[in-house]
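**Q** Sending over a structure as structure tokens; questions will come in a sec.
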Amino acid sequence: MIKKTKSKLAIHGGSPVRSSPYPIHSTMLDDAEEKQLIETIRKGHLSGFSARPGDRFLGGEKVIELEEHFAKKFNVKFAVSTNSATSSLHSAISAIGIREGDEVITSPFTMSATGSSIVMQNAVPVFADIEDRTFGLDPASVEKLISKKTKAILTVNILGHPSRLKELKEIADKYNLFLIEDNAQSPMAENHGKLAGTVGDIGILSLNYHKCIQTGEGGIALTNDPNLAERLRLIRNHGEVVVGKINKGHMTNQLGWNYRLSELQAAVGIPQIKKLDYLTKIRSDLASMLIKELEPFNFLTPPVIEPESSHVFYLFGMRFHEHDAGFSRKEFVNAMKAEGIALNEGYVLPMYLEPMYQNPHLTPQLNVALSSNFLKDELPENFTNNRSKHDHKKCPYESHIKENYSNKFYSPGICPIAEKMHESEICITDICKYPNSEKEILEFVEAVKKVSDGLLSLNA
Ligand SMILES: Cc1ncc(COP(=O)(O)O)c(C=O)c1O
């Protein structure tokens, strides 16, 4: 039974529940990483890559070892490392052959790189809505958006919970589409007996410094398909200079980049992956405790764990219900912050509302994507461009694209659940991460109690 507190809110000059900042690092770095780094520095090979045919095309010994660990841990045939999840996402979109004007259906409720990886291939991100339990793609919304130009679904397993992977895979199979998983936030989460990141054709992990385990920067692409693995490796390391020399005639179209992971980063990753289960358990235990402790507060819905799924709580996302609270989400979050508690309002602006998508003609790649998409169509009936129809191969039709395509793909209101979650319901904390402990969880709950009592008596 929670007792009523009367202390003055910190936002009104009272003492805060927590007066010290949270620790910066959320992964465990110790002697194991230090030993690996020293060993690598002493060997002198800080990168093992060379953009030439031969062994060094695939990276140095630490890179190869790291990839073996990931493939084993995620029970897939191939793990291809890169220098970021953004690089891995772009590699995946390129590897499956996405090209100008193609449509890829994805989530608007994610970090920008998910959508940008599609734009990098001059293709069109088409945003389907999310559902309000897992915050992942709503399969019904995805299916409605499938057109003859759709080539893939890029789903995001967000905050630590899988999206509806089984249903999304069924849709992908039904329409002969690729399924890619952005699993940057949910390593080791499960869905229907499979690890998130291993249901789709390719699954992506992030090793950046905020993630569950880190190498500073880094990404991994998981796949069971040898052809995709080969393309991913070509894309990572200037594939265009290699294919001719290794007689991969069928792949002469495969442009590469420099997405290579250094030996130093890979060296750090080797002990990190061994800590993945331990760090996941810490977050899951603290999150279970927080879910239980929040039960008395009916204005907060803690994270949902769907049947046949597990949650790894990369972040702890709650839904806030103003009607039950009697105060607004903004008042609540501001008062919690004043108490020294880590809590944010919303997650990310649904991606299509960002300026890039609202002014798509200003971003060269998006302009090409939309122009090509448009050219694959008949001219729309309501076409109002001043140019004559005979000019229509003179791409891009900037004014036309600006007026019609931002409306078609990116107008406000296209994903009402994502907008509602961001604008009025979701609030997120990261306090379940290592090295936080039960102390931080109890402090959070104490602050929720203090703030809700305080705001209610003020608003009474
Ligand atoms: C869902 C999601 N996708 C992609 C990325 C990009 O990861 P990286 O920083 O490794 O490129 C992030 C990083 O925050 C992410 O959260």
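All residue names refer to the structure tokens as shown: chains lettered A, B, ... in order, residues numbered from 1 in each chain, ligands numbered from 1 in order.
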Report the closest atom pair, with its distance in Å rounded to one decimal, for each residue of region 45-150 of chain A that has an atom no farther than 9 Å from region 156-162 of chain A; count only C-alpha atoms, sort by chain and then rising residue number, and write it as a Markdown table.

**A**
| residue | atom | partner | partner_atom | distance |
| --- | --- | --- | --- | --- |
| A:Thr106 | CA | A:Val156 | CA | 7.7 |
| A:Ser107 | CA | A:Val156 | CA | 6.6 |
| A:Phe109 | CA | A:Ile158 | CA | 8.1 |
| A:Thr110 | CA | A:Ile158 | CA | 7.0 |
| A:Thr114 | CA | A:Val156 | CA | 8.0 |
| A:Thr134 | CA | A:His161 | CA | 6.4 |
| A:Phe135 | CA | A:Ile158 | CA | 6.8 |
| A:Gly136 | CA | A:Asn157 | CA | 6.2 |
| A:Leu137 | CA | A:Val156 | CA | 7.3 |

**Q** Which residues are close to Glu103 (chain A), i.e. within 10 Å by only C-alpha atoms, leaving aside same-chain residues fewer than 2 positions away? Reply as a PDB file with C-alpha atoms, in the first residue's frame.

**A**
ATOM      1  CA  ILE A  98      16.573  -2.038 -53.642  1.00  0.00           C
ATOM      2  CA  ARG A  99      16.944   0.630 -56.284  1.00  0.00           C
ATOM      3  CA  GLU A 100      15.634   4.022 -57.322  1.00  0.00           C
ATOM      4  CA  GLY A 101      11.912   4.478 -56.976  1.00  0.00           C
ATOM      5  CA  ILE A 105       7.541  -0.163 -45.998  1.00  0.00           C
ATOM      6  CA  THR A 106       8.911   0.788 -42.614  1.00  0.00           C
ATOM      7  CA  ILE A 118      16.195   3.356 -47.695  1.00  0.00           C
ATOM      8  CA  VAL A 119      16.719   6.894 -49.002  1.00  0.00           C
ATOM      9  CA  ASN A 122      17.297   6.351 -53.812  1.00  0.00           C
ATOM     10  CA  ALA A 123      14.248   4.398 -52.718  1.00  0.00           C
ATOM     11  CA  VAL A 124      11.053   5.590 -51.051  1.00  0.00           C
ATOM     12  CA  PRO A 125      10.374   4.896 -47.377  1.00  0.00           C
ATOM     13  CA  VAL A 126       6.647   4.283 -47.016  1.00  0.00           C
ATOM     14  CA  PHE A 127       5.599   4.613 -43.393  1.00  0.00           C
ATOM     15  CA  LEU A 145       0.352  -0.125 -48.166  1.00  0.00           C
ATOM     16  CA  ILE A 146       1.724  -2.861 -50.391  1.00  0.00           C
ATOM     17  CA  SER A 147       1.823  -1.712 -54.010  1.00  0.00           C
ATOM     18  CA  LYS A 148       3.409  -3.072 -57.172  1.00  0.00           C
ATOM     19  CA  LYS A 149       6.472  -0.988 -56.302  1.00  0.00           C
ATOM     20  CA  THR A 150       6.931  -2.461 -52.826  1.00  0.00           C
ATOM     21  CA  LYS A 151      10.099  -4.562 -52.599  1.00  0.00           C
ATOM     22  CA  ALA A 152      10.657  -5.007 -48.886  1.00  0.00           C
ATOM     23  CA  ILE A 153       9.435  -4.487 -45.351  1.00  0.00           C
ATOM     24  CA  ALA A 369      13.549   8.327 -55.224  1.00  0.00           C
ATOM     25  CA  LEU A 370      10.228  10.134 -55.535  1.00  0.00           C
ATOM     26  CA  ASN A 373       8.686   6.322 -58.224  1.00  0.00           C
TER      27      ASN A 373
END

**Q** How many Å separate CA of Gly97 (chain A) from CA of Gln365 (chain A)?

**A** 16.3 Å

**Q** Rank nothing, just name the residue among A:Ser262, A:Ile130, A:Phe409, A:His69 nearest to His45 (chain A), using only C-alpha atoms.

**A** A:Ser262

**Q** Which chains and residue numbers are within 7 Å of ligand 1, counting only C-alpha atoms and all ligand atoms, if I want them as an NGL selection string?

**A** :A and (84-87 or 110-111 or 113-114 or 156 or 158 or 182-185 or 206-208 or 217-219)

**Q** Just list the residues in region 221-332 of chain A DSSP gives strand (DSSP E) on the backbone, as a ChimeraX atom specification.

**A** /A:221-223,300-301,316-320

**Q** Of the candidates A:His12, A:Phe178, A:Leu66, A:Val268, which one gets nearest to Thr40 (chain A) if we count only C-alpha atoms?

**A**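 When distances to Thr40 (chain A) are compared using only C-alpha atoms, the smallest one comes from A:Val268.
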
**Q** Given the choices A:Pro108, A:Arg164, A:Pro307, A:Pro139, which gets closest to Leu349 (chain A) if the distance is worked out from only C-alpha atoms?

**A**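 Checking each candidate against Leu349 (chain A), we get A:Pro108 as the closest.
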
**Q** Here is a test: counting only C-alpha atoms, which residue of A:Met251, A:Leu343, A:Asp129, A:Glu65 is nearest to Lys420 (chain A)?

**A**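 Checking each candidate against Lys420 (chain A), we get A:Asp129 as the closest.
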
**Q** Calculated over only C-alpha atoms, which of the candidates A:Ile441, A:Glu67, A:Ser47, A:Arg56 has the smallest distance to Lys292 (chain A)?

**A**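 Looking at the shortest contact to Lys292 (chain A), the residue is A:Ile441.
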